[in-house]
Amino acid sequence: EVDPLDVLFSYGKINSVFSGTTPPRTLTSTLADILSKKLAPEQLPAIAVIPLPAEYTASRAKSGENDDDDDGDDSEKRRGSKRKQKKEKHKQNDVVAQKYASLNNRRLWVLRECRSQGVLTTIKVRVKPPDECARLLAKGSRTFRLDRVTDRATVLVGNHLKGEGEGGAL
């Protein structure tokens with residue numbers, strides 16, 4: 001089991017509807033069902049992940065990539081927001097935390113939202129076999145490229161942006 005914040009999105013944009021569900025099931029309706037206890041987070045299938053190399057995680061942390069704290073808005077710094085404090089606390093834990101790339105971004109978005117609502121702290125993951133991980137990290141695939149891995153994902157509704165992952169409200 002891992003913290004959902006240690007699992008990164010394999011692509012920065014995700015569809016708002018799960019594929020292969022009849023009738024179509026949206027991310028927000030799944031989240032609502034979990035928050036209303038109609039569905040337990042454990043009922044969602046485990047997320048398939050690829051462990052990211054330590055040097056990849058370290059270089060992203062040093063460069064501050066995907067870190068939106070430095071957006072020129074000093075008001076958040078003055079307020080000392082709880083979100084920033086949580087993020088800083090998590091960054092301190094990142095020194096030892098293994099990072100993963102998700103192959104199931106929509107499920108990850110729902111589970112990260114559950115974490116932000118206090119519903120869960122860890123999730124079950126399925127680590128892909130070492131040979132498959134090595135191949136994906138080295139060559140990528142149609143759906144996975146290491147250079148597209150990101151900490152945030154934007155949910156698309158049709159051709160429109162709906163909101164951002166990791167705490168973004170929908």
# chains A, B, ... in the order shown; residues from 1 in each chain; ligands from 1
call {"tool": "residues_around", "arguments": {"residues": "stretch 124-134 of chain A", "least_positions_apart": "5", "cutoff": "8 Å", "atoms": "only C-alpha atoms", "output": "PyMOL selection string"}}
result
chain A and resi 1-2+46-51
call {"tool": "write_last_selection", "arguments": {"atoms": "N, CA, C and O atoms", "output": "short mmCIF file (atom, residue, chain, number, x, y, z; two decimals), in the first residue's frame"}}
result
data_model
loop_
_atom_site.label_atom_id
_atom_site.label_comp_id
_atom_site.auth_asym_id
_atom_site.auth_seq_id
_atom_site.Cartn_x
_atom_site.Cartn_y
_atom_site.Cartn_z
N GLU A 1 0.84 -1.18 0.00
CA GLU A 1 0.00 0.00 0.00
C GLU A 1 0.88 1.24 0.00
O GLU A 1 1.93 1.24 0.63
N VAL A 2 0.43 2.28 -0.70
CA VAL A 2 1.19 3.52 -0.81
C VAL A 2 0.26 4.73 -0.64
O VAL A 2 -0.95 4.62 -0.83
N ALA A 46 -7.24 -2.25 -7.86
CA ALA A 46 -5.94 -1.66 -7.55
C ALA A 46 -5.37 -0.98 -8.80
O ALA A 46 -5.61 -1.42 -9.92
N ILE A 47 -4.62 0.07 -8.59
CA ILE A 47 -4.01 0.82 -9.69
C ILE A 47 -2.72 0.12 -10.12
O ILE A 47 -1.90 -0.25 -9.27
N ALA A 48 -2.55 -0.05 -11.42
CA ALA A 48 -1.29 -0.59 -11.95
C ALA A 48 -0.28 0.55 -11.97
O ALA A 48 -0.58 1.64 -12.44
N VAL A 49 0.92 0.28 -11.43
CA VAL A 49 1.94 1.33 -11.35
C VAL A 49 3.29 0.82 -11.82
O VAL A 49 3.54 -0.38 -11.88
N ILE A 50 4.14 1.79 -12.13
CA ILE A 50 5.53 1.54 -12.50
C ILE A 50 6.37 2.32 -11.50
O ILE A 50 6.19 3.54 -11.36
N PRO A 51 7.28 1.67 -10.77
CA PRO A 51 8.16 2.42 -9.87
C PRO A 51 9.06 3.35 -10.68
O PRO A 51 9.61 2.95 -11.70
#
call {"tool": "residues_around", "arguments": {"residues": "A:Thr150", "least_positions_apart": "5", "cutoff": "8 Å", "atoms": "only C-alpha atoms", "output": "PyMOL selection string"}}
result
chain A and resi 8-12+66
call {"tool": "residues_around", "arguments": {"residues": "A:Leu35", "least_positions_apart": "2", "cutoff": "12 Å", "atoms": "only C-alpha atoms", "output": "list in words"}}
result
Thr28, Ser29, Thr30, Leu31, Ala32, Asp33, Lys37, Lys38, Leu39, Ala40, Pro41, Val110, Leu111, Glu113, Cys114, Arg115, Ser116, Gln117, Gly118, Val119 and Leu120 of chain A
call {"tool": "residues_around", "arguments": {"residues": "stretch 139-145 of chain A", "least_positions_apart": "2", "cutoff": "8 Å", "atoms": "only C-alpha atoms", "output": "PDB file with C-alpha atoms, in the first residue's frame"}}
result
ATOM      1  CA  SER A  10       1.205   9.255 -16.485  1.00  0.00           C
ATOM      2  CA  TYR A  11      -0.415  12.055 -18.486  1.00  0.00           C
ATOM      3  CA  LEU A 103      -1.309   3.429 -15.584  1.00  0.00           C
ATOM      4  CA  ARG A 135      10.718  -1.638 -21.124  1.00  0.00           C
ATOM      5  CA  LEU A 136       8.211   1.149 -20.404  1.00  0.00           C
ATOM      6  CA  LEU A 137      10.801   3.333 -18.685  1.00  0.00           C
ATOM      7  CA  ASP A 147       8.569  12.699 -19.939  1.00  0.00           C
ATOM      8  CA  ARG A 148       4.782  13.078 -19.561  1.00  0.00           C
ATOM      9  CA  VAL A 149       4.605  11.922 -15.939  1.00  0.00           C
TER      10      VAL A 149
END
call {"tool": "closest_residue", "arguments": {"among": "A:Val155, A:Tyr100, A:Asn105, A:Leu146", "to": "A:Asp6", "atoms": "only C-alpha atoms"}}
result
A:Tyr100
call {"tool": "closest_residue", "arguments": {"among": "A:Leu44, A:Thr121, A:Leu5, A:Ile34", "to": "A:Arg106", "atoms": "only C-alpha atoms"}}
result
A:Leu44
call {"tool": "closest_residue", "arguments": {"among": "A:Phe18, A:Gln43, A:Lys99, A:Trp109", "to": "A:Thr154", "atoms": "only C-alpha atoms"}}
result
A:Trp109
call {"tool": "decode", "arguments": {"residues": "stretch 14-28 of chain A", "atoms": "all heavy atoms", "output": "mmCIF file, in the first residue's frame"}}
result
data_model
loop_
_atom_site.group_PDB
_atom_site.id
_atom_site.type_symbol
_atom_site.label_atom_id
_atom_site.label_comp_id
_atom_site.auth_asym_id
_atom_site.auth_seq_id
_atom_site.Cartn_x
_atom_site.Cartn_y
_atom_site.Cartn_z
ATOM 1 N N ILE A 14 -7.013 13.926 -18.337
ATOM 2 C CA ILE A 14 -7.773 12.679 -18.237
ATOM 3 C C ILE A 14 -9.238 12.924 -18.558
ATOM 4 O O ILE A 14 -9.772 14.008 -18.312
ATOM 5 C CB ILE A 14 -7.640 12.030 -16.841
ATOM 6 C CG1 ILE A 14 -8.051 12.987 -15.724
ATOM 7 C CG2 ILE A 14 -6.238 11.518 -16.612
ATOM 8 C CD1 ILE A 14 -8.015 12.389 -14.341
ATOM 9 N N ASN A 15 -9.871 11.911 -19.109
ATOM 10 C CA ASN A 15 -11.286 11.966 -19.451
ATOM 11 C C ASN A 15 -12.116 11.902 -18.176
ATOM 12 O O ASN A 15 -11.728 11.245 -17.207
ATOM 13 C CB ASN A 15 -11.628 10.792 -20.378
ATOM 14 C CG ASN A 15 -12.948 10.963 -21.070
ATOM 15 O OD1 ASN A 15 -13.907 11.456 -20.493
ATOM 16 N ND2 ASN A 15 -13.000 10.539 -22.315
ATOM 17 N N SER A 16 -13.251 12.534 -18.153
ATOM 18 C CA SER A 16 -14.105 12.569 -16.964
ATOM 19 C C SER A 16 -14.993 11.345 -16.821
ATOM 20 O O SER A 16 -15.716 11.225 -15.843
ATOM 21 C CB SER A 16 -14.977 13.823 -16.990
ATOM 22 O OG SER A 16 -15.869 13.755 -18.084
ATOM 23 N N VAL A 17 -14.932 10.427 -17.790
ATOM 24 C CA VAL A 17 -15.786 9.232 -17.766
ATOM 25 C C VAL A 17 -14.899 7.999 -17.813
ATOM 26 O O VAL A 17 -13.962 7.914 -18.608
ATOM 27 C CB VAL A 17 -16.761 9.230 -18.974
ATOM 28 C CG1 VAL A 17 -17.631 7.994 -18.969
ATOM 29 C CG2 VAL A 17 -17.607 10.491 -18.968
ATOM 30 N N PHE A 18 -15.208 7.023 -16.946
ATOM 31 C CA PHE A 18 -14.484 5.755 -16.981
ATOM 32 C C PHE A 18 -14.844 5.018 -18.257
ATOM 33 O O PHE A 18 -15.998 5.033 -18.688
ATOM 34 C CB PHE A 18 -14.855 4.879 -15.776
ATOM 35 C CG PHE A 18 -14.215 5.324 -14.492
ATOM 36 C CD1 PHE A 18 -14.950 6.013 -13.545
ATOM 37 C CD2 PHE A 18 -12.886 5.049 -14.232
ATOM 38 C CE1 PHE A 18 -14.371 6.417 -12.355
ATOM 39 C CE2 PHE A 18 -12.292 5.453 -13.049
ATOM 40 C CZ PHE A 18 -13.037 6.140 -12.108
ATOM 41 N N SER A 19 -13.867 4.368 -18.854
ATOM 42 C CA SER A 19 -14.138 3.589 -20.066
ATOM 43 C C SER A 19 -14.659 2.213 -19.677
ATOM 44 O O SER A 19 -14.363 1.698 -18.599
ATOM 45 C CB SER A 19 -12.873 3.449 -20.912
ATOM 46 O OG SER A 19 -11.869 2.798 -20.174
ATOM 47 N N GLY A 20 -15.469 1.627 -20.558
ATOM 48 C CA GLY A 20 -15.951 0.269 -20.352
ATOM 49 C C GLY A 20 -17.046 0.128 -19.320
ATOM 50 O O GLY A 20 -17.288 -0.966 -18.818
ATOM 51 N N THR A 21 -17.712 1.210 -18.957
ATOM 52 C CA THR A 21 -18.818 1.105 -17.999
ATOM 53 C C THR A 21 -20.128 1.423 -18.701
ATOM 54 O O THR A 21 -20.208 2.352 -19.488
ATOM 55 C CB THR A 21 -18.641 2.072 -16.805
ATOM 56 O OG1 THR A 21 -18.567 3.403 -17.282
ATOM 57 C CG2 THR A 21 -17.400 1.746 -16.007
ATOM 58 N N THR A 22 -21.137 0.613 -18.437
ATOM 59 C CA THR A 22 -22.459 0.842 -19.007
ATOM 60 C C THR A 22 -23.457 0.839 -17.865
ATOM 61 O O THR A 22 -23.566 -0.161 -17.163
ATOM 62 C CB THR A 22 -22.824 -0.262 -20.015
ATOM 63 O OG1 THR A 22 -21.775 -0.338 -20.982
ATOM 64 C CG2 THR A 22 -24.131 0.020 -20.688
ATOM 65 N N PRO A 23 -24.170 1.913 -17.647
ATOM 66 C CA PRO A 23 -24.071 3.205 -18.313
ATOM 67 C C PRO A 23 -22.752 3.881 -17.948
ATOM 68 O O PRO A 23 -22.107 3.491 -16.978
ATOM 69 C CB PRO A 23 -25.269 3.983 -17.767
ATOM 70 C CG PRO A 23 -25.530 3.391 -16.423
ATOM 71 C CD PRO A 23 -25.137 1.943 -16.534
ATOM 72 N N PRO A 24 -22.374 4.909 -18.717
ATOM 73 C CA PRO A 24 -21.109 5.588 -18.432
ATOM 74 C C PRO A 24 -21.053 6.103 -16.997
ATOM 75 O O PRO A 24 -22.021 6.654 -16.485
ATOM 76 C CB PRO A 24 -21.101 6.754 -19.419
ATOM 77 C CG PRO A 24 -22.036 6.344 -20.494
ATOM 78 C CD PRO A 24 -23.076 5.477 -19.848
ATOM 79 N N ARG A 25 -19.927 5.892 -16.347
ATOM 80 C CA ARG A 25 -19.739 6.318 -14.959
ATOM 81 C C ARG A 25 -18.687 7.425 -14.930
ATOM 82 O O ARG A 25 -17.588 7.249 -15.437
ATOM 83 C CB ARG A 25 -19.284 5.127 -14.129
ATOM 84 C CG ARG A 25 -19.200 5.396 -12.667
ATOM 85 C CD ARG A 25 -19.164 4.060 -11.925
ATOM 86 N NE ARG A 25 -19.069 4.260 -10.505
ATOM 87 C CZ ARG A 25 -20.103 4.515 -9.710
ATOM 88 N NH1 ARG A 25 -21.302 4.606 -10.210
ATOM 89 N NH2 ARG A 25 -19.929 4.679 -8.427
ATOM 90 N N THR A 26 -19.042 8.553 -14.331
ATOM 91 C CA THR A 26 -18.120 9.683 -14.286
ATOM 92 C C THR A 26 -17.225 9.606 -13.049
ATOM 93 O O THR A 26 -17.547 8.919 -12.073
ATOM 94 C CB THR A 26 -18.870 11.030 -14.261
ATOM 95 O OG1 THR A 26 -19.593 11.123 -13.032
ATOM 96 C CG2 THR A 26 -19.802 11.169 -15.456
ATOM 97 N N LEU A 27 -16.133 10.342 -13.104
ATOM 98 C CA LEU A 27 -15.236 10.416 -11.954
ATOM 99 C C LEU A 27 -15.961 11.034 -10.766
ATOM 100 O O LEU A 27 -15.839 10.561 -9.639
ATOM 101 C CB LEU A 27 -13.999 11.255 -12.292
ATOM 102 C CG LEU A 27 -13.152 10.828 -13.487
ATOM 103 C CD1 LEU A 27 -11.936 11.729 -13.625
ATOM 104 C CD2 LEU A 27 -12.747 9.395 -13.412
ATOM 105 N N THR A 28 -16.718 12.089 -11.034
ATOM 106 C CA THR A 28 -17.397 12.786 -9.933
ATOM 107 C C THR A 28 -18.495 11.939 -9.310
ATOM 108 O O THR A 28 -18.696 11.995 -8.103
ATOM 109 C CB THR A 28 -17.953 14.144 -10.395
ATOM 110 O OG1 THR A 28 -18.757 13.948 -11.543
ATOM 111 C CG2 THR A 28 -16.831 15.113 -10.706
#
